[in-house]
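Undergrad: Below is the file start-v1.cif, which contains mmCIF, C-alpha atoms.
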```
data_entry
#
loop_
_atom_site.label_atom_id
_atom_site.label_comp_id
_atom_site.auth_asym_id
_atom_site.auth_seq_id
_atom_site.Cartn_x
_atom_site.Cartn_y
_atom_site.Cartn_z
CA MET A 1421 -73.22 83.73 -96.90
CA GLU A 1422 -74.53 83.15 -100.39
CA ASN A 1423 -74.41 79.39 -99.83
CA LEU A 1424 -76.41 79.82 -96.62
CA LYS A 1425 -79.06 81.84 -98.44
CA LYS A 1426 -79.26 79.30 -101.26
CA LYS A 1427 -79.57 76.35 -98.88
CA THR A 1428 -82.20 78.15 -96.79
CA PHE A 1429 -84.17 79.14 -99.88
CA PHE A 1430 -84.14 75.67 -101.44
CA THR A 1431 -85.04 74.03 -98.13
CA ILE A 1432 -88.08 76.29 -97.68
CA PHE A 1433 -89.05 76.05 -101.36
CA ILE A 1434 -88.86 72.24 -101.39
CA ILE A 1435 -90.79 71.83 -98.12
CA ILE A 1436 -93.65 74.11 -99.21
CA SER A 1437 -93.70 72.55 -102.69
CA LEU A 1438 -93.89 69.05 -101.22
CA PHE A 1439 -96.83 70.11 -99.06
CA SER A 1440 -98.69 71.54 -102.06
CA ILE A 1441 -97.97 68.42 -104.14
CA PHE A 1442 -99.08 66.22 -101.22
CA PHE A 1443 -102.44 67.99 -100.88
CA ALA A 1444 -103.04 67.96 -104.65
CA SER A 1445 -102.15 64.26 -104.78
CA PHE A 1446 -104.34 63.50 -101.76
CA PHE A 1447 -107.31 65.27 -103.38
CA ASN A 1448 -106.90 63.38 -106.68
CA ILE A 1449 -106.32 60.02 -104.99
CA GLU A 1450 -109.32 60.51 -102.71
CA THR A 1451 -111.55 61.49 -105.65
CA TYR A 1452 -110.27 58.56 -107.70
CA HIS A 1453 -110.91 56.15 -104.82
CA LYS A 1454 -114.41 57.51 -104.29
CA GLU A 1455 -115.32 57.10 -107.96
CA TYR A 1456 -113.73 53.66 -108.15
CA THR A 1457 -115.69 52.53 -105.09
CA GLY A 1458 -118.93 53.93 -106.57
CA ILE A 1459 -118.43 52.02 -109.81
CA LEU A 1460 -117.52 48.83 -107.94
CA ASN A 1461 -120.62 49.18 -105.74
CA ASN A 1462 -122.87 49.52 -108.78
CA LEU A 1463 -121.35 46.47 -110.41
CA THR A 1464 -121.60 44.49 -107.16
CA ARG A 1465 -125.19 45.63 -106.58
CA MET A 1466 -126.18 44.26 -109.95
CA LYS A 1467 -124.35 41.04 -109.11
CA ASN A 1468 -126.27 40.59 -105.87
CA LEU A 1469 -129.62 40.85 -107.60
CA THR A 1470 -131.19 37.49 -108.11
CA ILE A 1471 -131.42 37.04 -111.85
CA LYS A 1472 -132.89 33.77 -113.03
CA ARG A 1473 -131.92 32.59 -116.43
CA PRO A 1474 -135.02 33.13 -118.55
CA GLU A 1475 -136.76 30.49 -120.52
CA PRO A 1476 -137.44 31.22 -124.16
CA LEU A 1477 -138.56 34.78 -124.65
CA LYS A 1478 -142.18 33.92 -124.97
CA GLU A 1479 -142.19 32.48 -121.48
CA ILE A 1480 -140.64 35.47 -119.69
CA LYS A 1481 -143.03 36.70 -117.05
CA PRO A 1482 -143.79 40.37 -116.55
CA LEU A 1483 -141.42 41.97 -114.02
CA ASN A 1484 -142.73 43.68 -110.92
CA ASN A 1485 -141.53 46.99 -109.48
CA ASP A 1486 -138.55 45.39 -107.78
CA ASP A 1487 -137.23 43.88 -110.97
CA LEU A 1488 -134.16 45.06 -112.84
CA HIS A 1489 -136.25 47.01 -115.34
CA ASN A 1490 -137.35 49.43 -112.65
CA ARG A 1491 -134.07 49.61 -110.71
CA LYS A 1492 -132.51 53.01 -111.39
CA VAL A 1493 -128.87 53.95 -110.71
CA MET A 1494 -128.65 57.73 -110.69
CA ASP A 1495 -124.84 58.19 -110.30
CA TYR A 1496 -123.72 56.31 -113.41
CA GLU A 1497 -125.02 54.98 -116.70
CA VAL A 1498 -125.52 51.29 -115.86
CA TYR A 1499 -126.78 48.68 -118.34
CA THR A 1500 -127.65 45.02 -117.79
CA PHE A 1501 -127.82 42.39 -120.51
CA ILE A 1502 -129.62 39.06 -119.86
CA LEU A 1503 -128.28 36.02 -121.75
CA ASN A 1504 -129.66 32.59 -122.62
CA ASP A 1505 -127.82 29.27 -122.77
CA ASN A 1506 -126.33 30.18 -126.13
CA ASN A 1507 -124.98 33.47 -124.76
CA ASP A 1508 -127.45 35.37 -126.89
CA ILE A 1509 -128.79 38.63 -125.49
CA VAL A 1510 -132.44 38.13 -124.64
CA ASP A 1511 -133.05 41.32 -122.69
CA LYS A 1512 -131.40 44.75 -122.46
CA ILE A 1513 -131.97 46.98 -119.44
CA SER A 1514 -130.90 50.61 -118.91
CA HIS A 1515 -130.79 51.63 -115.26
CA SER A 1516 -130.71 55.32 -116.13
CA ASP A 1517 -132.62 57.64 -118.41
CA ASN A 1518 -130.21 56.99 -121.29
CA ASP A 1519 -131.02 54.58 -124.08
CA ILE A 1520 -128.73 51.72 -124.96
CA THR A 1521 -126.62 52.94 -127.86
CA LYS A 1522 -125.10 50.90 -130.67
CA GLU A 1523 -121.63 51.47 -129.16
CA ILE A 1524 -122.67 49.97 -125.81
CA LEU A 1525 -124.38 47.05 -127.52
CA THR A 1526 -121.24 46.37 -129.56
CA LYS A 1527 -119.15 46.56 -126.38
CA ALA A 1528 -121.46 44.03 -124.71
CA LYS A 1529 -121.20 41.60 -127.64
CA ASN A 1530 -117.40 41.84 -127.61
CA ILE A 1531 -117.29 41.08 -123.87
CA ILE A 1532 -119.65 38.13 -124.32
CA ALA A 1533 -117.57 36.84 -127.22
CA SER A 1534 -114.46 36.87 -125.00
CA ASN A 1535 -116.27 34.37 -122.72
CA ASN A 1536 -114.32 35.79 -119.73
CA THR A 1537 -116.94 35.14 -117.06
CA SER A 1538 -116.98 35.58 -113.29
CA LYS A 1539 -114.97 38.75 -113.60
CA ILE A 1540 -115.35 42.37 -112.56
CA LYS A 1541 -113.17 44.63 -114.67
CA ILE A 1542 -112.86 48.34 -113.99
CA GLY A 1543 -109.30 49.16 -115.07
CA CYS A 1544 -107.77 52.61 -114.97
CA LEU A 1545 -110.40 55.30 -114.66
CA TYR A 1546 -108.16 57.79 -116.47
CA TRP A 1547 -108.18 55.71 -119.68
CA ASN A 1548 -111.13 53.28 -119.79
CA LYS A 1549 -114.61 54.24 -120.98
CA TYR A 1550 -116.44 51.19 -119.62
CA ALA A 1551 -116.35 48.89 -116.61
CA TYR A 1552 -118.25 45.60 -116.52
CA ASN A 1553 -119.23 42.54 -114.51
CA PHE A 1554 -119.76 39.33 -116.53
CA GLU A 1555 -121.42 36.77 -114.25
CA ASN A 1556 -121.75 33.02 -114.88
CA ASN A 1557 -122.82 33.34 -118.51
CA ASN A 1558 -126.29 34.58 -117.53
CA SER A 1559 -125.87 38.33 -117.10
CA LEU A 1560 -123.56 41.17 -118.07
CA THR A 1561 -123.53 44.57 -116.36
CA ILE A 1562 -121.76 47.49 -118.04
CA VAL A 1563 -121.09 50.89 -116.47
CA ASN A 1564 -120.33 53.84 -118.76
CA ILE A 1565 -117.53 55.71 -116.94
CA THR A 1566 -116.80 58.27 -119.66
CA ASN A 1567 -118.07 61.18 -117.55
CA THR A 1568 -116.09 59.93 -114.57
CA ARG A 1569 -112.94 59.70 -116.69
CA ASN A 1570 -113.42 63.24 -118.03
CA MET A 1571 -114.04 64.57 -114.52
CA LEU A 1572 -110.92 62.88 -113.11
CA LEU A 1573 -108.77 64.11 -116.00
CA MET A 1574 -110.10 67.63 -115.51
CA ASN A 1575 -109.29 67.45 -111.78
CA LEU A 1576 -105.80 66.20 -112.57
CA LEU A 1577 -105.19 68.93 -115.15
CA THR A 1578 -106.54 71.61 -112.81
CA SER A 1579 -104.27 70.33 -110.02
CA LEU A 1580 -101.22 70.44 -112.29
CA LEU A 1581 -102.03 73.98 -113.40
CA LEU A 1582 -102.56 75.07 -109.79
CA ILE A 1583 -99.26 73.47 -108.78
CA CYS A 1584 -97.43 75.27 -111.62
CA PHE A 1585 -99.00 78.59 -110.67
CA GLY A 1586 -98.45 77.80 -107.01
CA GLU A 1587 -94.73 77.20 -107.60
CA PHE A 1588 -94.40 80.83 -108.69
CA ILE A 1589 -96.16 81.98 -105.51
CA ILE A 1590 -94.07 79.56 -103.42
CA TYR A 1591 -90.91 80.95 -105.06
CA ILE A 1592 -91.82 84.50 -103.98
CA ILE A 1593 -92.82 83.37 -100.48
CA SER A 1594 -89.60 81.35 -100.11
CA LYS A 1595 -87.52 84.38 -101.15
CA LYS A 1596 -89.25 86.57 -98.57
CA ILE A 1597 -88.91 84.00 -95.79
CA THR A 1598 -85.23 83.42 -96.69
CA GLU A 1599 -84.52 87.14 -96.50
CA TRP A 1600 -86.30 87.34 -93.15
CA ILE A 1601 -84.44 84.32 -91.69
CA THR A 1602 -80.98 85.24 -93.00
CA LYS A 1603 -81.21 88.97 -92.28
CA PRO A 1604 -79.80 88.72 -88.70
CA VAL A 1605 -77.05 86.37 -89.94
CA LEU A 1606 -76.22 88.71 -92.83
CA GLU A 1607 -76.06 91.70 -90.49
CA SER A 1608 -73.79 89.78 -88.11
CA PHE A 1609 -71.63 88.64 -91.02
CA ASN A 1610 -71.30 92.19 -92.34
CA ARG A 1611 -70.44 93.49 -88.87
CA GLU A 1612 -67.75 90.83 -88.61
CA LYS A 1613 -66.27 91.84 -91.99
CA GLU A 1614 -66.36 95.51 -91.03
CA PHE A 1615 -64.71 94.70 -87.71
CA VAL A 1616 -61.89 92.78 -89.42
CA ALA A 1617 -61.33 95.62 -91.90
CA ASN A 1618 -61.49 98.36 -89.26
CA ALA A 1619 -59.33 96.45 -86.77
CA SER A 1620 -56.74 95.77 -89.47
CA HIS A 1621 -56.60 99.45 -90.38
CA GLU A 1622 -56.36 100.47 -86.73
CA LEU A 1623 -53.59 97.96 -86.02
CA LYS A 1624 -51.55 98.89 -89.05
CA THR A 1625 -50.43 102.30 -87.77
CA PRO A 1626 -49.33 101.32 -84.23
CA LEU A 1627 -47.64 98.24 -85.66
CA ALA A 1628 -45.68 100.39 -88.09
CA VAL A 1629 -44.58 102.59 -85.16
CA MET A 1630 -43.53 99.49 -83.18
CA MET A 1631 -41.52 98.12 -86.10
CA ALA A 1632 -39.79 101.47 -86.62
CA SER A 1633 -38.99 101.63 -82.92
CA ILE A 1634 -37.55 98.11 -82.94
CA ASP A 1635 -35.31 99.01 -85.90
CA SER A 1636 -33.96 102.01 -83.95
CA LEU A 1637 -32.92 99.93 -80.94
CA ASP A 1638 -29.24 99.27 -80.35
CA VAL A 1639 -28.49 95.59 -80.72
CA ASN A 1640 -26.00 93.90 -78.42
CA LYS A 1641 -25.31 90.40 -77.21
CA LYS A 1642 -27.77 90.70 -74.34
CA ASN A 1643 -30.81 91.91 -76.29
CA GLU A 1644 -30.10 90.53 -79.78
CA LYS A 1645 -32.24 87.43 -79.27
CA TRP A 1646 -35.22 89.40 -77.96
CA ILE A 1647 -35.01 92.09 -80.63
CA ASN A 1648 -34.86 89.45 -83.38
CA ASN A 1649 -37.95 87.77 -81.89
CA LEU A 1650 -39.76 91.11 -81.83
CA LYS A 1651 -38.83 91.76 -85.46
CA SER A 1652 -39.93 88.29 -86.55
CA GLU A 1653 -43.29 88.47 -84.81
CA SER A 1654 -43.86 92.05 -85.97
CA ASP A 1655 -43.25 90.97 -89.56
CA ARG A 1656 -45.68 88.09 -89.12
CA MET A 1657 -48.32 90.43 -87.69
CA SER A 1658 -47.75 92.90 -90.51
CA ASN A 1659 -48.21 90.15 -93.09
CA LEU A 1660 -51.35 88.95 -91.34
CA ILE A 1661 -52.85 92.44 -91.28
CA THR A 1662 -52.01 92.87 -94.96
CA ARG A 1663 -53.76 89.59 -95.79
CA LEU A 1664 -56.79 90.57 -93.71
CA LEU A 1665 -57.02 93.84 -95.61
CA ASP A 1666 -56.71 91.92 -98.88
CA LEU A 1667 -59.51 89.61 -97.75
CA SER A 1668 -61.67 92.60 -96.85
CA LYS A 1669 -61.08 94.19 -100.26
CA THR A 1670 -62.08 91.06 -102.17
CA GLU A 1671 -65.37 90.89 -100.24
CA TYR A 1672 -66.38 94.31 -101.55
CA LEU A 1673 -65.48 94.05 -105.24
CA LYS A 1674 -68.01 96.00 -107.32
CA LYS A 1675 -68.98 95.24 -110.88
CA GLU A 1676 -68.70 98.95 -111.72
CA ASN A 1677 -64.92 98.53 -111.41
CA PHE A 1678 -64.81 95.61 -113.84
CA SER A 1679 -63.45 95.94 -117.37
CA LYS A 1680 -62.83 93.60 -120.26
CA ASN A 1681 -59.39 92.03 -119.91
CA ASP A 1682 -57.35 89.35 -121.63
CA ILE A 1683 -57.07 86.82 -118.81
CA SER A 1684 -54.93 84.56 -121.02
CA MET A 1685 -52.18 87.15 -120.78
CA ILE A 1686 -52.74 87.67 -117.03
CA ILE A 1687 -52.44 83.94 -116.26
CA GLU A 1688 -49.46 83.53 -118.62
CA LYS A 1689 -47.51 86.39 -117.01
CA ARG A 1690 -48.30 85.18 -113.51
CA ALA A 1691 -47.08 81.66 -114.33
CA LEU A 1692 -43.80 83.11 -115.70
CA THR A 1693 -43.13 85.15 -112.53
CA PHE A 1694 -43.34 81.99 -110.40
CA GLU A 1695 -40.88 79.98 -112.48
CA SER A 1696 -37.92 81.07 -110.34
CA LEU A 1697 -39.71 80.05 -107.13
CA ALA A 1698 -40.65 76.71 -108.70
CA TYR A 1699 -37.05 76.21 -109.86
CA GLU A 1700 -35.86 76.18 -106.23
CA LYS A 1701 -37.88 72.96 -105.75
CA ASN A 1702 -36.96 71.57 -109.19
CA ILE A 1703 -40.59 72.02 -110.23
CA THR A 1704 -41.49 72.75 -113.85
CA ILE A 1705 -44.49 74.92 -114.71
CA GLU A 1706 -46.15 73.77 -117.92
CA THR A 1707 -48.78 76.09 -119.44
CA ASN A 1708 -51.52 75.18 -121.87
CA ILE A 1709 -53.32 78.50 -122.30
CA THR A 1710 -55.69 79.36 -125.11
CA GLU A 1711 -54.85 82.83 -126.42
CA LYS A 1712 -57.03 85.92 -126.22
CA ILE A 1713 -59.68 84.77 -123.79
CA ASN A 1714 -61.49 87.90 -122.61
CA LEU A 1715 -63.47 88.28 -119.42
CA LEU A 1716 -65.25 91.21 -117.80
CA CYS A 1717 -63.31 91.30 -114.54
CA HIS A 1718 -61.29 93.21 -111.96
CA LYS A 1719 -57.79 92.85 -113.41
CA GLU A 1720 -55.79 93.20 -110.18
CA SER A 1721 -58.01 90.66 -108.38
CA ILE A 1722 -57.70 88.09 -111.18
CA ASP A 1723 -53.94 88.55 -111.08
CA GLU A 1724 -53.94 88.04 -107.31
CA PHE A 1725 -56.12 84.94 -107.38
CA ALA A 1726 -53.87 83.37 -110.06
CA SER A 1727 -50.84 84.15 -107.88
CA ILE A 1728 -52.47 82.49 -104.88
CA LEU A 1729 -53.32 79.28 -106.75
CA ILE A 1730 -49.94 78.92 -108.50
CA ASP A 1731 -48.06 79.72 -105.27
CA ASN A 1732 -50.21 77.17 -103.43
CA ALA A 1733 -49.44 74.53 -106.08
CA ILE A 1734 -45.68 75.15 -105.73
CA SER A 1735 -45.81 75.13 -101.90
CA HIS A 1736 -47.63 71.80 -101.78
CA GLY A 1737 -46.02 70.25 -104.85
CA LYS A 1738 -43.46 67.47 -104.78
CA GLU A 1739 -39.86 68.21 -105.68
CA ASN A 1740 -38.84 67.21 -109.19
CA SER A 1741 -42.46 67.29 -110.33
CA LYS A 1742 -44.52 69.30 -112.80
CA ILE A 1743 -47.31 71.86 -112.39
CA LYS A 1744 -49.83 72.23 -115.19
CA VAL A 1745 -51.69 75.48 -115.81
CA ASN A 1746 -54.54 74.94 -118.29
CA LEU A 1747 -56.85 77.70 -119.50
CA THR A 1748 -59.54 76.95 -122.06
CA SER A 1749 -62.68 78.61 -123.35
CA LEU A 1750 -65.80 76.52 -123.90
CA LYS A 1751 -69.13 77.60 -125.38
CA SER A 1752 -70.55 79.12 -122.21
CA GLU A 1753 -67.66 79.17 -119.74
CA ILE A 1754 -63.97 79.76 -119.18
CA LYS A 1755 -62.16 76.95 -117.41
CA LEU A 1756 -58.86 77.22 -115.49
CA GLU A 1757 -57.10 74.17 -114.04
CA ILE A 1758 -53.96 74.24 -111.90
CA ILE A 1759 -52.68 70.72 -111.31
CA ASN A 1760 -49.79 69.69 -109.08
CA GLU A 1761 -48.36 66.39 -107.90
CA GLY A 1762 -48.09 66.09 -104.13
CA ALA A 1763 -49.85 65.20 -100.92
CA PRO A 1764 -53.57 64.70 -101.69
CA ILE A 1765 -56.36 66.76 -100.15
CA LEU A 1766 -58.72 64.61 -98.12
CA GLU A 1767 -62.26 64.54 -99.50
CA SER A 1768 -63.55 65.87 -96.16
CA GLU A 1769 -61.27 68.92 -96.50
CA CYS A 1770 -62.01 69.84 -100.11
CA GLU A 1771 -64.54 72.47 -98.98
CA LYS A 1772 -62.84 73.44 -95.72
CA ILE A 1773 -59.59 74.60 -97.33
CA PHE A 1774 -61.44 77.65 -98.69
CA GLU A 1775 -62.51 78.75 -95.20
CA ARG A 1776 -60.72 81.64 -93.52
CA PHE A 1777 -57.83 80.64 -91.22
CA TYR A 1778 -58.22 76.96 -92.08
CA ARG A 1779 -54.87 75.14 -92.06
CA ASN A 1780 -54.61 71.37 -92.34
CA ASP A 1781 -50.97 71.46 -91.24
CA LYS A 1782 -50.73 74.22 -88.63
CA SER A 1783 -47.06 73.68 -87.73
CA HIS A 1784 -45.88 73.79 -91.35
CA ASN A 1785 -47.98 76.83 -92.19
CA ARG A 1786 -46.76 78.74 -89.16
CA LYS A 1787 -43.13 78.17 -90.13
CA SER A 1788 -43.79 79.23 -93.71
CA GLY A 1789 -45.70 82.34 -92.64
CA ARG A 1790 -49.07 81.14 -93.93
CA TYR A 1791 -52.34 81.98 -92.18
CA GLY A 1792 -54.99 80.08 -94.09
CA LEU A 1793 -56.29 83.20 -95.84
CA GLY A 1794 -54.94 82.76 -99.37
CA LEU A 1795 -57.54 80.29 -100.64
CA ALA A 1796 -60.32 82.21 -98.86
CA ILE A 1797 -59.22 85.32 -100.77
CA ALA A 1798 -59.08 83.34 -104.03
CA LYS A 1799 -62.60 82.02 -103.46
CA ASN A 1800 -63.91 85.54 -102.74
CA ILE A 1801 -62.39 86.80 -105.98
CA VAL A 1802 -63.86 83.93 -108.02
CA GLU A 1803 -67.34 84.27 -106.51
CA SER A 1804 -67.33 88.06 -106.96
CA HIS A 1805 -66.92 87.30 -110.68
CA HIS A 1806 -69.88 84.87 -110.56
CA GLY A 1807 -67.46 81.97 -110.88
CA TYR A 1808 -67.05 78.59 -109.23
CA ILE A 1809 -63.96 77.06 -107.61
CA ARG A 1810 -63.34 73.59 -106.28
CA ALA A 1811 -60.40 71.36 -105.35
CA TYR A 1812 -60.01 67.59 -105.57
CA SER A 1813 -57.27 64.97 -105.54
CA LYS A 1814 -57.07 61.91 -107.76
CA ASP A 1815 -54.28 59.43 -108.59
CA GLY A 1816 -51.64 61.46 -106.75
CA TYR A 1817 -52.54 64.77 -108.41
CA THR A 1818 -54.39 67.72 -106.87
CA THR A 1819 -56.48 69.95 -109.14
CA PHE A 1820 -57.86 73.40 -108.46
CA GLU A 1821 -60.63 73.99 -111.00
CA VAL A 1822 -62.11 77.42 -111.65
CA LYS A 1823 -65.01 78.20 -113.99
CA PHE A 1824 -66.35 81.58 -115.11
CA LYS A 1825 -69.63 81.78 -117.00
CA ILE A 1826 -69.17 83.81 -120.15
CA ASN A 1827 -72.90 84.57 -120.59
CA GLU A 1828 -73.07 86.39 -117.25
CA HIS A 1829 -70.44 88.85 -118.36
#
```
As structure tokens, how would this structure be written, given the file I've shared?
TA:
Amino acid sequence: MENLKKKTFFTIFIIISLFSIFFASFFNIETYHKEYTGILNNLTRMKNLTIKRPEPLKEIKPLNNDDLHNRKVMDYEVYTFILNDNNDIVDKISHSDNDITKEILTKAKNIIASNNTSKIKIGCLYWNKYAYNFENNNSLTIVNITNTRNMLLMNLLTSLLLICFGEFIIYIISKKITEWITKPVLESFNREKEFVANASHELKTPLAVMMASIDSLDVNKKNEKWINNLKSESDRMSNLITRLLDLSKTEYLKKENFSKNDISMIIEKRALTFESLAYEKNITIETNITEKINLLCHKESIDEFASILIDNAISHGKENSKIKVNLTSLKSEIKLEIINEGAPILESECEKIFERFYRNDKSHNRKSGRYGLGLAIAKNIVESHHGYIRAYSKDGYTTFEVKFKINEH
């Protein structure tokens, strides 16, 4: 259920975040394109003006109202420089109300000195201060885009700040929507858990009566087979009900019942109790447990989950092999590994084996009295302690890895 809530939350959060980023990006791209086009139009407009190369200065004729001197460009600071055959500036024209500053004049001389003619250069509007059009060694048009750059940078910064603030709002909205979407599923899930617990309790008493009644029956040659079948199936049903009740208990573990315990000792003792069972299959249990690792936990549940994992390793381990039980404490987490040599777990089943009633070998599990609940119980116990469990197989070895975060306890 927690995984469903996490997946739903992240899906909603990512979708809404992508929409907000898309609109912010669209706004900035559209503004950038508009400004870029405006600058390009101004440079092109100056290019399209017919500018005759002047004779010596004394022969320049007065310009009429349509000349460059009177052509104003209101959106940007645009300047035109007229050159002679020696690339000397013979006339300077400001197409706005601003005077030509020393900085602009220096910029013009540097561009002329580069002798890079027949070129319109705008560059990146977020970094450049000037754009220019150097045409055929007879004119140079410069556009001061400093204000445009500052405006675009301000828009970009504002967008980033709005996105950061918006992510907080999106987080709250995503949480609310996730709760609304998963509420019916959570209610159904809780009803299912309550049904399993209640049904198990209700079945336990009549089953106990049935088992007592079977034990009181007189056994003879005619009914021996049937009575033995009844006993066998009653025992199986009793074990199943017990496991269902165990599963129900692990789903309702409360932190108020947790206490600080030495899990090194718990794991060590549990490994020792399984040595006789492992001996029957000529399996050796090798422990590598760091001493005195403490964890705020439910002691009985930790003991049970260790039993489940070690028992599982023995059941699926090869004869004449070795099982390793490693427990270490890192800076921020406690790590438990139970490694056995045997049939590998398929990658597609690494998650499924923790589901209730999942059995990859149904015939074998039925004969051995297994119901596919052990690993589901172990996972419930681990997750109730804010831990993480996974299984994987590599090079003929299967590893069950469990991690508990120390900081959360």
Undergrad: Give me the result of the PyMOL selection byres ((chain A and resi 1633-1638) around 10) on this file, residue by residue, as a PyMOL selection string.
TA: chain A and resi 1627-1632+1639-1640+1643-1644+1647-1648+1650-1651+1654
Undergrad: What does the structure give for the distance between atom CA of Lys1427 of chain A and atom CA of Lys1596 of chain A, in Å to one decimal?
TA: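 Between atom CA of Lys1427 of chain A and atom CA of Lys1596 of chain A the gap is 14.1 Å.
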Undergrad: Work out how far atom CA of Ile1801 of chain A is from atom CA of Leu1729 of chain A, in Å to one decimal.
TA: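 Calculated distance between atom CA of Leu1729 of chain A and atom CA of Ile1801 of chain A is 11.8 Å.
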Undergrad: Could you state the separation of atom CA of Asn1461 of chain A and atom CA of Tyr1546 of chain A in Å, given to one decimal place?
TA: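 Distance between the two atoms: 18.6 Å.
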Undergrad: List the neighbours of segment 1770-1773 of chain A out to 12 Å using only C-alpha atoms; skip same-chain residues closer than 6 positions along the sequence, and give me the result as a PyMOL selection string.
TA: chain A and resi 1732+1764+1779-1781+1791-1799+1809-1813+1818-1821
Undergrad: What's the 7 Å shell around segment 1555-1571 of chain A, counting only C-alpha atoms, without same-chain residues fewer than 4 positions away, as a VMD selection string?
TA: chain A and resid 1463 1466 1473 1496 to 1504 1507 1537 to 1539 1545 to 1547 1549 to 1551 1575
Undergrad: For this structure, which residues satisfy the selection - the PyMOL selection byres ((chain A and resi 1709-1717) around 9) - when it is evaluated on the file as given? I want them as a compact mmCIF listing (two decimals) with C-alpha atoms, in the frame of the given file.
TA:
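Produced file result.txt, reproduced below:
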```
# COMPACT_ATOMS: atom_id res chain seq x y z
CA LYS A 1675 -68.98 95.24 -110.88
CA ASN A 1677 -64.92 98.53 -111.41
CA PHE A 1678 -64.81 95.61 -113.84
CA SER A 1679 -63.45 95.94 -117.37
CA LYS A 1680 -62.83 93.60 -120.26
CA ASN A 1681 -59.39 92.03 -119.91
CA ASP A 1682 -57.35 89.35 -121.63
CA ILE A 1683 -57.07 86.82 -118.81
CA SER A 1684 -54.93 84.56 -121.02
CA MET A 1685 -52.18 87.15 -120.78
CA ILE A 1687 -52.44 83.94 -116.26
CA GLU A 1688 -49.46 83.53 -118.62
CA THR A 1707 -48.78 76.09 -119.44
CA ASN A 1708 -51.52 75.18 -121.87
CA HIS A 1718 -61.29 93.21 -111.96
CA LYS A 1719 -57.79 92.85 -113.41
CA GLU A 1720 -55.79 93.20 -110.18
CA SER A 1721 -58.01 90.66 -108.38
CA ILE A 1722 -57.70 88.09 -111.18
CA VAL A 1745 -51.69 75.48 -115.81
CA ASN A 1746 -54.54 74.94 -118.29
CA LEU A 1747 -56.85 77.70 -119.50
CA THR A 1748 -59.54 76.95 -122.06
CA SER A 1749 -62.68 78.61 -123.35
CA ILE A 1754 -63.97 79.76 -119.18
CA LEU A 1756 -58.86 77.22 -115.49
CA HIS A 1805 -66.92 87.30 -110.68
CA PHE A 1824 -66.35 81.58 -115.11
CA ILE A 1826 -69.17 83.81 -120.15
CA HIS A 1829 -70.44 88.85 -118.36
```
Undergrad: Name all residues at most 8 Å from Asp1731 of chain A (count only C-alpha atoms; drop same-chain ones fewer than 4 positions away) and give them as a list in words.
TA: Phe1694, Ser1727 and Ser1735 of chain A
Undergrad: Filtering to C-alpha atoms, could you give me those residues as a CSV table (one decimal), keeping the file's coordinate frame?
TA:
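Wrote it out as result_37.csv, contents follow:
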```csv
chain,number,residue,atom,x,y,z
A,1694,PHE,CA,-43.3,82.0,-110.4
A,1727,SER,CA,-50.8,84.2,-107.9
A,1735,SER,CA,-45.8,75.1,-101.9
```
Undergrad: Tell me which of A:Asn1530, A:Thr1704, A:Thr1428, A:Asn1618 sits closest to Tyr1552 of chain A, counting only C-alpha atoms.
TA: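 Residue with the minimum atom-to-atom distance to Tyr1552 of chain A: A:Asn1530.
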Undergrad: The PyMOL selection byres ((chain A and resi 1437) around 12) on the file shown: which residues, as an mmCIF file with C-alpha atoms, keeping the file's coordinate frame?
TA:
```cif
data_model
loop_
_atom_site.group_PDB
_atom_site.id
_atom_site.type_symbol
_atom_site.label_atom_id
_atom_site.label_comp_id
_atom_site.auth_asym_id
_atom_site.auth_seq_id
_atom_site.Cartn_x
_atom_site.Cartn_y
_atom_site.Cartn_z
ATOM 1 C CA PHE A 1429 -84.170 79.140 -99.880
ATOM 2 C CA PHE A 1430 -84.140 75.670 -101.440
ATOM 3 C CA THR A 1431 -85.040 74.030 -98.130
ATOM 4 C CA ILE A 1432 -88.080 76.290 -97.680
ATOM 5 C CA PHE A 1433 -89.050 76.050 -101.360
ATOM 6 C CA ILE A 1434 -88.860 72.240 -101.390
ATOM 7 C CA ILE A 1435 -90.790 71.830 -98.120
ATOM 8 C CA ILE A 1436 -93.650 74.110 -99.210
ATOM 9 C CA LEU A 1438 -93.890 69.050 -101.220
ATOM 10 C CA PHE A 1439 -96.830 70.110 -99.060
ATOM 11 C CA SER A 1440 -98.690 71.540 -102.060
ATOM 12 C CA ILE A 1441 -97.970 68.420 -104.140
ATOM 13 C CA PHE A 1442 -99.080 66.220 -101.220
ATOM 14 C CA PHE A 1443 -102.440 67.990 -100.880
ATOM 15 C CA ALA A 1444 -103.040 67.960 -104.650
ATOM 16 C CA LEU A 1582 -102.560 75.070 -109.790
ATOM 17 C CA ILE A 1583 -99.260 73.470 -108.780
ATOM 18 C CA CYS A 1584 -97.430 75.270 -111.620
ATOM 19 C CA PHE A 1585 -99.000 78.590 -110.670
ATOM 20 C CA GLY A 1586 -98.450 77.800 -107.010
ATOM 21 C CA GLU A 1587 -94.730 77.200 -107.600
ATOM 22 C CA PHE A 1588 -94.400 80.830 -108.690
ATOM 23 C CA ILE A 1589 -96.160 81.980 -105.510
ATOM 24 C CA ILE A 1590 -94.070 79.560 -103.420
ATOM 25 C CA TYR A 1591 -90.910 80.950 -105.060
ATOM 26 C CA ILE A 1593 -92.820 83.370 -100.480
ATOM 27 C CA SER A 1594 -89.600 81.350 -100.110
#
```
Undergrad: Counting all atoms listed in the file, which of A:Leu1577, A:Thr1451, A:Ile1509, A:Asn1760 gets nearest to Thr1526 of chain A?
TA: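 Comparing A:Leu1577, A:Thr1451, A:Ile1509, A:Asn1760 against Thr1526 of chain A, the winner is A:Ile1509.
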